[in-house]
Structures are given as structure tokens and as C-alpha cells.
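**Student:** Sharing model29.txt (compact mmCIF, C-alpha atoms) below.
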```txt
# COMPACT_ATOMS: atom_id res chain seq x y z
CA MET A 17 4.29 -24.76 3.59
CA ARG A 18 4.58 -24.72 -0.20
CA GLU A 19 0.88 -25.59 -0.58
CA VAL A 20 -0.11 -22.81 1.85
CA LEU A 21 1.89 -20.25 -0.15
CA HIS A 22 0.27 -21.55 -3.35
CA TYR A 23 -3.20 -21.04 -1.90
CA LEU A 24 -2.39 -17.55 -0.68
CA THR A 25 -0.71 -16.34 -3.88
CA SER A 26 -3.01 -17.88 -6.50
CA ASP A 27 -6.19 -15.88 -7.16
CA GLN A 28 -7.57 -18.76 -9.23
CA VAL A 29 -7.20 -21.25 -6.38
CA LEU A 30 -8.81 -18.84 -3.90
CA HIS A 31 -11.79 -18.21 -6.18
CA GLN A 32 -12.23 -21.95 -6.78
CA MET A 33 -12.12 -22.53 -3.03
CA VAL A 34 -15.00 -20.15 -2.29
CA ALA A 35 -17.06 -20.88 -5.43
CA GLY A 36 -18.52 -24.08 -4.02
CA MET A 37 -19.35 -22.71 -0.58
CA PRO A 38 -22.97 -22.04 0.49
CA MET A 39 -24.00 -18.43 1.15
CA TRP A 40 -24.01 -18.91 4.93
CA GLY A 41 -20.47 -20.29 4.70
CA LEU A 42 -19.34 -17.22 2.75
CA LEU A 43 -20.87 -14.94 5.40
CA LEU A 44 -19.12 -16.81 8.21
CA LEU A 45 -15.80 -16.71 6.36
CA LEU A 46 -16.31 -13.00 5.64
CA VAL A 47 -16.82 -12.28 9.34
CA ALA A 48 -13.80 -14.42 10.23
CA CYS A 49 -11.60 -12.53 7.73
CA ILE A 50 -12.69 -9.18 9.15
CA VAL A 51 -11.92 -10.36 12.68
CA VAL A 52 -8.49 -11.68 11.62
CA LEU A 53 -7.74 -8.44 9.75
CA SER A 54 -8.79 -6.26 12.67
CA LYS A 55 -6.94 -8.28 15.31
CA GLY A 56 -3.87 -8.62 13.08
CA ALA A 57 -3.75 -4.86 12.52
CA ASP A 58 -4.07 -4.23 16.26
CA LEU A 59 -1.21 -6.62 17.04
CA MET A 60 0.95 -5.09 14.30
CA VAL A 61 0.43 -1.53 15.54
CA ASP A 62 1.12 -2.58 19.15
CA GLY A 63 4.29 -4.32 18.00
CA ALA A 64 5.35 -1.30 15.92
CA VAL A 65 4.88 1.06 18.87
CA ALA A 66 6.92 -1.28 21.08
CA LEU A 67 9.64 -1.52 18.41
CA ALA A 68 9.80 2.27 18.22
CA ARG A 69 10.16 2.55 21.99
CA ARG A 70 12.76 -0.24 22.15
CA THR A 71 14.92 0.94 19.21
CA GLY A 72 14.47 4.69 19.71
CA LEU A 73 13.33 5.15 16.10
CA PRO A 74 10.32 7.43 15.48
CA ARG A 75 7.08 5.55 14.82
CA ILE A 76 6.74 7.23 11.44
CA VAL A 77 10.01 5.55 10.41
CA ILE A 78 8.88 2.14 11.70
CA GLY A 79 5.70 2.62 9.66
CA ALA A 80 7.64 3.69 6.56
CA THR A 81 10.03 0.73 6.62
CA ILE A 82 9.13 -2.43 8.55
CA ILE A 83 5.34 -2.08 8.37
CA SER A 84 5.38 -0.91 4.73
CA LEU A 85 7.60 -3.81 3.68
CA GLY A 86 5.06 -6.17 5.20
CA THR A 87 1.88 -4.56 3.91
CA THR A 88 3.20 -4.28 0.33
CA THR A 89 4.06 -7.98 0.25
CA PRO A 90 0.60 -8.91 -1.19
CA GLU A 91 1.06 -6.41 -4.04
CA MET A 92 4.54 -7.76 -4.74
CA PHE A 93 3.31 -11.38 -4.92
CA VAL A 94 0.37 -10.46 -7.18
CA SER A 95 2.46 -8.27 -9.51
CA VAL A 96 5.34 -10.74 -9.88
CA MET A 97 2.93 -13.59 -10.60
CA ALA A 98 0.99 -11.43 -13.07
CA ALA A 99 4.20 -10.47 -14.88
CA TRP A 100 5.44 -14.06 -14.90
CA THR A 101 2.15 -15.32 -16.41
CA GLY A 102 2.21 -12.66 -19.14
CA ASN A 103 -0.19 -10.04 -17.76
CA PRO A 104 1.93 -6.86 -17.58
CA GLY A 105 -1.08 -4.55 -17.36
CA LEU A 106 -2.19 -6.22 -14.13
CA ALA A 107 1.36 -6.22 -12.74
CA LEU A 108 1.89 -2.52 -13.40
CA GLY A 109 -1.69 -1.55 -12.57
CA ASN A 110 -1.48 -3.29 -9.22
CA GLY A 111 1.50 -1.17 -8.17
CA VAL A 112 0.25 2.15 -9.56
CA GLY A 113 -3.32 1.51 -8.41
CA SER A 114 -2.13 0.74 -4.89
CA ILE A 115 -0.23 4.06 -4.74
CA ILE A 116 -3.37 5.92 -5.77
CA CYS A 117 -5.52 3.99 -3.29
CA ASP A 118 -3.06 4.23 -0.39
CA THR A 119 -2.65 8.00 -0.63
CA GLY A 120 -6.00 9.01 -2.11
CA LEU A 121 -8.37 6.78 -0.20
CA ILE A 122 -6.54 5.75 2.98
CA PHE A 123 -4.63 8.93 3.83
CA GLY A 124 -7.46 11.17 2.58
CA LEU A 125 -10.05 9.35 4.69
CA MET A 126 -7.88 9.17 7.82
CA CYS A 127 -7.02 12.87 7.46
CA ILE A 128 -10.74 13.72 7.43
CA ILE A 129 -11.69 11.68 10.50
CA SER A 130 -8.59 12.28 12.65
CA ARG A 131 -5.90 14.87 13.41
CA VAL A 132 -2.77 13.77 11.57
CA PRO A 133 0.63 15.23 12.57
CA VAL A 134 3.32 16.39 10.14
CA ARG A 135 6.76 15.18 11.22
CA ARG A 136 8.51 17.70 8.97
CA TYR A 137 12.11 16.50 9.34
CA ILE A 138 11.23 12.96 8.24
CA LEU A 139 8.45 13.82 5.76
CA ASN A 140 10.53 16.52 4.06
CA ARG A 141 12.90 13.68 3.11
CA THR A 142 10.77 10.56 2.71
CA GLY A 143 8.07 12.69 1.06
CA TRP A 144 10.49 13.68 -1.67
CA VAL A 145 11.51 10.03 -2.11
CA GLN A 146 7.79 9.16 -2.40
CA VAL A 147 7.20 11.74 -5.15
CA GLY A 148 10.60 11.12 -6.72
CA ALA A 149 10.10 7.38 -7.08
CA ALA A 150 6.72 7.87 -8.78
CA THR A 151 8.11 10.61 -11.05
CA LEU A 152 11.06 8.39 -11.95
CA LEU A 153 8.65 5.57 -12.88
CA VAL A 154 6.73 7.90 -15.21
CA LEU A 155 9.92 9.31 -16.76
CA VAL A 156 11.29 5.81 -17.40
CA ALA A 157 7.94 4.84 -18.96
CA LEU A 158 8.03 7.96 -21.18
CA ILE A 159 11.59 7.13 -22.29
CA ALA A 160 10.41 3.59 -23.09
CA LEU A 161 7.55 5.10 -25.15
CA TRP A 162 10.01 7.34 -27.02
CA LEU A 163 12.35 4.42 -27.75
CA ASN A 164 9.57 2.06 -28.80
CA PRO A 165 6.29 3.88 -29.53
CA GLY A 166 4.49 0.69 -30.51
CA ALA A 167 5.18 -1.30 -27.35
CA PRO A 168 6.99 0.58 -24.54
CA VAL A 169 8.63 -1.86 -22.12
CA LEU A 170 10.10 -1.62 -18.63
CA GLY A 171 12.93 -4.13 -18.91
CA ARG A 172 14.79 -6.24 -16.36
CA GLY A 173 17.46 -3.55 -16.11
CA VAL A 174 14.82 -1.09 -14.91
CA GLY A 175 13.60 -3.65 -12.38
CA ALA A 176 17.12 -4.24 -11.05
CA PHE A 177 17.73 -0.47 -10.84
CA PHE A 178 14.53 0.06 -8.86
CA LEU A 179 15.44 -2.75 -6.44
CA LEU A 180 18.85 -1.16 -5.85
CA LEU A 181 17.13 2.15 -5.15
CA LEU A 182 14.93 0.32 -2.64
CA VAL A 183 18.00 -0.77 -0.67
CA GLY A 184 19.24 2.82 -0.71
CA TYR A 185 15.86 4.13 0.51
CA LEU A 186 15.78 1.74 3.48
CA TYR A 187 19.33 2.71 4.46
CA LEU A 188 18.62 6.44 4.13
CA SER A 189 15.43 6.12 6.20
CA TYR A 190 17.47 4.65 9.04
CA ARG A 191 20.17 7.36 8.69
CA TRP A 192 17.62 10.18 8.65
CA ALA A 193 15.89 8.79 11.72
CA ARG A 194 19.16 8.63 13.66
CA GLN A 195 20.24 12.10 12.55
CA SER A 196 16.89 13.71 13.32
CA GLY A 197 17.13 13.31 17.08
CA LEU A 198 13.34 12.88 17.14
CA VAL A 199 12.00 10.57 19.81
CA ASP A 200 8.32 9.80 20.28
CA GLU A 201 6.84 10.35 23.70
CA ALA A 202 6.89 7.15 25.71
CA GLU A 203 3.84 5.77 27.46
CA GLU A 204 5.14 5.86 31.01
CA ASP A 205 2.29 3.75 32.38
CA GLU A 206 3.07 0.82 30.06
CA PRO A 207 5.99 -1.61 30.53
CA LEU A 208 8.74 -1.63 27.93
CA TRP A 209 8.56 -4.81 25.84
CA GLY A 210 11.58 -6.87 24.92
CA LEU A 211 12.79 -6.69 21.31
CA GLY A 212 11.74 -10.30 20.63
CA LYS A 213 8.18 -9.74 21.88
CA ALA A 214 7.82 -6.48 19.94
CA LEU A 215 9.08 -8.07 16.72
CA GLY A 216 6.95 -11.17 17.32
CA PHE A 217 3.75 -9.15 17.74
CA THR A 218 4.58 -7.14 14.62
CA LEU A 219 5.18 -10.23 12.48
CA LEU A 220 2.19 -12.14 13.89
CA GLY A 221 -0.08 -9.19 13.19
CA LEU A 222 1.39 -8.82 9.72
CA VAL A 223 0.64 -12.47 8.90
CA GLY A 224 -2.95 -12.00 10.08
CA VAL A 225 -3.40 -8.89 7.95
CA ILE A 226 -1.96 -10.49 4.81
CA VAL A 227 -3.87 -13.79 5.16
CA GLY A 228 -7.12 -12.03 6.07
CA SER A 229 -6.89 -9.61 3.13
CA ARG A 230 -6.02 -12.34 0.61
CA VAL A 231 -9.02 -14.47 1.60
CA LEU A 232 -11.48 -11.61 2.11
CA VAL A 233 -11.43 -10.29 -1.47
CA PRO A 234 -12.52 -13.51 -3.28
CA VAL A 235 -15.10 -14.19 -0.55
CA ALA A 236 -16.60 -10.70 -0.91
CA ALA A 237 -16.45 -10.89 -4.72
CA GLU A 238 -18.24 -14.26 -4.77
CA GLY A 239 -20.91 -13.05 -2.35
CA ALA A 240 -21.48 -9.85 -4.35
CA SER A 241 -21.74 -11.84 -7.58
CA ARG A 242 -24.41 -14.10 -6.08
CA LEU A 243 -26.34 -11.04 -4.94
CA GLY A 244 -26.45 -9.78 -8.54
CA VAL A 245 -23.71 -7.12 -8.47
CA PRO A 246 -22.26 -6.76 -12.02
CA GLN A 247 -18.79 -8.19 -12.55
CA ASP A 248 -17.35 -4.90 -13.82
CA VAL A 249 -18.46 -3.14 -10.63
CA ILE A 250 -16.81 -5.89 -8.56
CA ALA A 251 -13.59 -5.55 -10.59
CA ALA A 252 -13.50 -1.75 -10.26
CA THR A 253 -14.07 -1.80 -6.50
CA LEU A 254 -13.42 -4.98 -4.50
CA VAL A 255 -10.60 -6.46 -6.59
CA ALA A 256 -8.78 -3.15 -7.17
CA PHE A 257 -9.23 -2.29 -3.49
CA GLY A 258 -8.18 -5.70 -2.21
CA THR A 259 -4.40 -5.45 -2.16
CA SER A 260 -4.58 -2.15 -0.24
CA LEU A 261 -6.57 -3.74 2.60
CA PRO A 262 -3.43 -4.29 4.76
CA GLU A 263 -2.62 -0.58 4.60
CA LEU A 264 -6.25 0.38 5.29
CA MET A 265 -6.59 -1.89 8.34
CA THR A 266 -3.22 -0.68 9.65
CA ALA A 267 -4.38 2.93 9.19
CA ILE A 268 -7.69 2.33 11.00
CA SER A 269 -5.97 0.55 13.88
CA SER A 270 -3.22 3.19 14.22
CA VAL A 271 -5.76 6.04 14.31
CA LYS A 272 -7.94 4.12 16.77
CA LYS A 273 -4.93 3.61 19.02
CA ARG A 274 -3.93 7.29 18.62
CA GLN A 275 -0.77 6.45 16.70
CA PRO A 276 -1.37 8.37 13.42
CA GLN A 277 2.39 8.64 12.82
CA ILE A 278 2.39 4.92 11.95
CA MET A 279 -0.40 5.49 9.39
CA VAL A 280 1.46 8.37 7.72
CA GLY A 281 4.72 6.44 7.64
CA ASN A 282 2.97 3.35 6.26
CA VAL A 283 1.28 5.32 3.45
CA VAL A 284 4.49 7.11 2.44
CA GLY A 285 6.60 3.97 2.72
CA ALA A 286 4.03 1.85 0.86
CA ASP A 287 4.01 4.35 -2.03
CA VAL A 288 7.81 4.18 -2.31
CA LEU A 289 7.78 0.39 -2.07
CA ASN A 290 5.00 0.01 -4.62
CA CYS A 291 7.27 1.79 -7.12
CA LEU A 292 10.63 0.34 -6.19
CA PHE A 293 9.73 -3.05 -4.66
CA VAL A 294 6.47 -4.15 -6.33
CA ILE A 295 7.01 -2.78 -9.85
CA GLY A 296 10.79 -3.31 -9.61
CA ALA A 297 10.41 -7.00 -8.67
CA ALA A 298 7.74 -7.53 -11.34
CA ALA A 299 9.88 -5.94 -14.09
CA PHE A 300 12.90 -7.95 -12.94
CA ALA A 301 10.84 -11.18 -13.13
CA ARG A 302 9.67 -10.37 -16.66
CA PRO A 303 9.78 -7.14 -18.73
CA LEU A 304 6.56 -5.12 -18.40
CA THR A 305 4.80 -3.65 -21.43
CA VAL A 306 3.16 -0.32 -20.52
CA PRO A 307 -0.47 -0.12 -21.78
CA PRO A 308 -1.51 3.18 -23.45
CA ASN A 309 -4.09 4.11 -20.79
CA PHE A 310 -1.35 4.46 -18.18
CA TYR A 311 0.04 7.50 -20.01
CA SER A 312 -3.33 9.20 -20.37
CA PHE A 313 -5.06 8.16 -17.14
CA HIS A 314 -3.27 6.23 -14.37
CA PHE A 315 0.06 8.10 -14.34
CA PRO A 316 -1.55 11.60 -14.28
CA ALA A 317 -3.89 10.58 -11.44
CA MET A 318 -0.98 9.16 -9.43
CA LEU A 319 1.18 12.27 -9.86
CA LEU A 320 -1.69 14.65 -9.06
CA ILE A 321 -2.37 12.90 -5.76
CA LEU A 322 1.30 12.59 -4.76
CA TYR A 323 2.25 16.17 -5.64
CA SER A 324 -0.82 17.40 -3.74
CA PHE A 325 0.40 15.43 -0.71
CA ARG A 326 3.91 16.86 -1.13
CA LEU A 327 2.48 20.41 -1.34
CA PHE A 328 0.47 19.89 1.86
CA ILE A 329 3.63 18.79 3.75
CA ARG A 330 5.26 22.06 2.72
CA MET A 331 2.19 24.16 3.58
CA ASN A 332 1.52 22.79 7.06
CA THR A 333 4.06 24.74 9.10
CA ASP A 334 1.90 24.37 12.23
CA GLY A 335 2.61 20.63 12.35
CA TRP A 336 -0.82 19.25 11.34
CA PHE A 337 -2.54 18.15 8.15
CA LYS A 338 -5.90 19.89 7.58
CA ARG A 339 -9.27 18.22 7.08
CA TRP A 340 -9.83 20.03 3.76
CA GLN A 341 -6.59 18.54 2.47
CA GLY A 342 -7.94 15.06 3.16
CA VAL A 343 -11.16 16.03 1.32
CA TRP A 344 -9.11 17.20 -1.71
CA ILE A 345 -7.01 14.03 -1.94
CA LEU A 346 -9.99 11.73 -1.33
CA GLY A 347 -11.95 13.69 -3.95
CA ILE A 348 -9.26 13.05 -6.57
CA TYR A 349 -9.40 9.34 -5.77
CA LEU A 350 -13.21 9.22 -6.07
CA VAL A 351 -13.11 11.05 -9.43
CA TYR A 352 -10.41 8.61 -10.59
CA LEU A 353 -12.53 5.66 -9.50
CA GLY A 354 -15.66 7.09 -11.11
CA LEU A 355 -13.92 7.73 -14.45
CA GLN A 356 -12.35 4.27 -14.35
CA TYR A 357 -15.76 2.62 -14.01
CA GLY A 358 -18.09 5.11 -15.73
CA LEU A 359 -15.97 5.81 -18.81
CA ASN A 360 -13.97 2.55 -18.72
CA LEU A 361 -10.71 4.52 -18.75
CA GLY A 362 -8.96 1.97 -16.55
```
Reformat the file's structure so that it appears as C-alpha cells.

**Tutor:**
Amino acid sequence: MREVLHYLTSDQVLHQMVAGMPMWGLLLLLVACIVVLSKGADLMVDGAVALARRTGLPRIVIGATIISLGTTTPEMFVSVMAAWTGNPGLALGNGVGSIICDTGLIFGLMCIISRVPVRRYILNRTGWVQVGAATLLVLVALIALWLNPGAPVLGRGVGAFFLLLLVGYLYLSYRWARQSGLVDEAEEDEPLWGLGKALGFTLLGLVGVIVGSRVLVPVAAEGASRLGVPQDVIAATLVAFGTSLPELMTAISSVKKRQPQIMVGNVVGADVLNCLFVIGAAAFARPLTVPPNFYSFHFPAMLLILYSFRLFIRMNTDGWFKRWQGVWILGIYLVYLGLQYGLNLG
């Protein structure tokens, strides 16, 4: 078990594993990863729907808590290991970059191709936590810059504080769900699963999504390198995009199965957890130095996307996100990605 975890959490080991494979082997492994990701996401969404029906919690809450905790696990592993090995820029960038990708790319794209509902009672609360956690991260980073202009640091105390806030967020999400009185419509033609089966499907699907995403990125990067794609292009796309694959596959599967509430909850919950869980755990493992480009580039992009999302929740009194809103958020992400690669701002 320890060796399996080592293989799945070490980027160096994964890249060494695929480096010696022939091109046809890479293609087969790529197809296998996509199949595992797709099937895992389907199982996880089915399990989440069954959990919602069994527990009486809205699907958006299941997506914002249980599913988000699972899909942010890869980011947490990568960030903690990066911090522990002395790479604070990667640890912090992984968390902030995932927030930008989850909301900008995943929500923006899903909002364009599908009708996405606004559960106002839940989103008016979790949405503020989403924006508040990101704003708190930036404020703490600015205070660190003021205290130590040469090398601003997010210390272990900040990490511990963020982890405590995480516990509070999970508890409040449960309280809000119970107080809301919202219940999703049940599928009368489908049998009600037992709690064990629902949880089992959710966890099994989650394992498939995490394993598939961890293996897919080095396989795709190695294949692209052999086809002559420049390394900086690979770094700015495949590697940066890799840890958000669980959220993307969950979003695609939830929209395909007409369960967009799970996608919205997963995006909102993943953003909160990337601040409080991923960055909090990384800072607690080892203090994180904040690179200068975060203040001028990454933090502004993150806040622009999240405050746009918060504004759209307030605007949509008819209960639906609009397609143009998805275009706006996706557009911000594409500009961010283009500046990161074209001007090397990242």
C-alpha cells in the first residue's frame, strides 16, 4: 500500500515510469486512463445522487462537501509534497491555479453547454464562503508582504487557522442544508440504494478519478514531448490542468446525467477547499514563501473570476445561470492562460 501511494504521489516516479514506454504503449495507457476517469466519474455521480436521496441533503451540498473533499485530494498531496521539498511557488500555485481553473474553465464551459440552476439559499451562503476564503488568502498574503517585504511567508499558524476554518465550513454546510428545507426531486422509477452501496459507489468512483488523473498527465506530457510540443507549452497546459481533471470529469459526468447541481457544488466546494485544505495543509507542513508574481498576476485573476461568479449568483433571480456568464468567466480564464504562456507572467 505504501509503494502504491508513493507511485501516485510522486511526479518524478510517474514520469520515470512512462519515459521508457513505446509510443503505442503510451497511447494504450492514455485510452485506459480516459476510460477509468470517465467510468470513475460516472460511478461517483451515481453514488452522490444516491447519497443525496438517502440522507435527504441537496445534491449541491453533497457536491460541495463529500465530492469536493475527494476531488481536491490530488491538489492537497501535490501541494504538501511541494512545500515539504522546498518548492513553495508550486505548492501555492497549485492551489490558486486550481481555483482559477475550476471556476474559469470548468464552470464557464459547463455553463455554456448546459442549463445550470442557481440554488440561491445554498449558494448565497457557500458562495460567500468561496469568495471569502480566497479574499482572506489574499489579505493574509498582503499582510505577510507588509511585515516582510523581501520574502512574505504564510507560516504554520496560517495553515493551522485555515484548517480550523475548513472544519467550520463543513459543519456550516451541513447546518445550512438542514435548515434550508430544500429536497431534490427523487427519481421515482429508480430504487433507493442503501447507504453502504451509495457510499461505496462514491468512493470507488473517486479512487478511479484520482488514479486516472494522476497517471494521465505524465502519459500525455510524455506523448506530447515525443511529438515535438515545446516543454513550456506542456507546462502551461497539461501540467497546470492536470490536478483539476477530477473536477472536470465530475462536471462532465454530472451534466451528462442531468445533475448540474453536483457540478456547481463541486466547483464551489473545491474552491473553498483549495484555499483552506490544500494551501492550509501545505503551509502547515512547511511555511510558504509567496512569489512576487502572485500579487501582480495570479491573485487578481483569481479574485476577478470569483467575484464575477458571486455577482452572477446575485443577478440570477430567475434561478438559472446564463450562457453569456459562462462565456465571460471562461474568457477571463483563457486570457489568464494566454498571458501566462505568451508573456511568461506565471

**Student:** Under the rule that only C-alpha atoms are counted, which of A:Leu45, A:Met279, A:Val156, A:Val132 is the nearest residue to Trp336 in chain A?

**Tutor:**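 The shortest atom-to-atom distance to Trp336 in chain A comes from A:Val132.
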
**Student:** What does the distance between CA of Ala297 in chain A and CA of Ser84 in chain A come to in Å, to one decimal place?

**Tutor:** 15.6 Å

**Student:** At what distance in Å, to one decimal, does CA of Ala237 in chain A lie from CA of Ala35 in chain A?

**Tutor:**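 Answer for the CA of Ala35 in chain A to CA of Ala237 in chain A separation: 10.0 Å.
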
**Student:** Find the residues near Val169 in chain A: any atom within 9 Å, counting all atoms listed in the file, skip ones fewer than 5 places away on the same chain, and give them as an MDAnalysis selection string.

**Tutor:** chainID A and resid 157 160:161 164 303:306

**Student:** Dump as a list in words all residues having an atom at most 8 Å from (-9.4, 16.5, 7.1), computed in the file's coordinates with all atoms listed in the file.

**Tutor:**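 Counting all atoms listed in the file, I find these residues within 8 Å of (-9.4, 16.5, 7.1): Gly124, Leu125, Met126, Cys127, Ile128, Ile129, Ser130, Arg131, Phe337, Lys338, Arg339, Trp340, Gln341, Gly342 and Val343 of chain A.
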
**Student:** Under the rule that all atoms listed in the file are counted, which of A:Val96, A:Leu106, A:Val134, A:Val231 is the nearest residue to Asp334 in chain A?

**Tutor:**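 Ranking A:Val96, A:Leu106, A:Val134, A:Val231 by distance to Asp334 in chain A, first place goes to A:Val134.
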
**Student:** Between A:Ala240, A:Leu163, A:Val145, A:Ala66, which one has atoms that come closest to Leu211 in chain A, using all atoms listed in the file?

**Tutor:**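 The shortest atom-to-atom distance to Leu211 in chain A comes from A:Ala66.
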
**Student:** If you measure from CA of Arg242 in chain A to CA of Met39 in chain A, what distance in Å do you get, rounded to one decimal?

**Tutor:**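 These two atoms are separated by 8.4 Å.
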
**Student:** Do a neighbour search on range 178-189 of chain A at 7 Å with only C-alpha atoms, toss out local chain neighbours closer than 3 positions, and write the hits as JSON, numbers by chain.

**Tutor:** {"A": [77, 81, 174, 175, 192, 193, 292, 293, 296, 297]}

**Student:** Ranking A:Pro165, A:Ala107, A:Arg141, A:Val227 by minimum distance to Pro262 in chain A and counting all atoms listed in the file, which one comes first?

**Tutor:** A:Val227
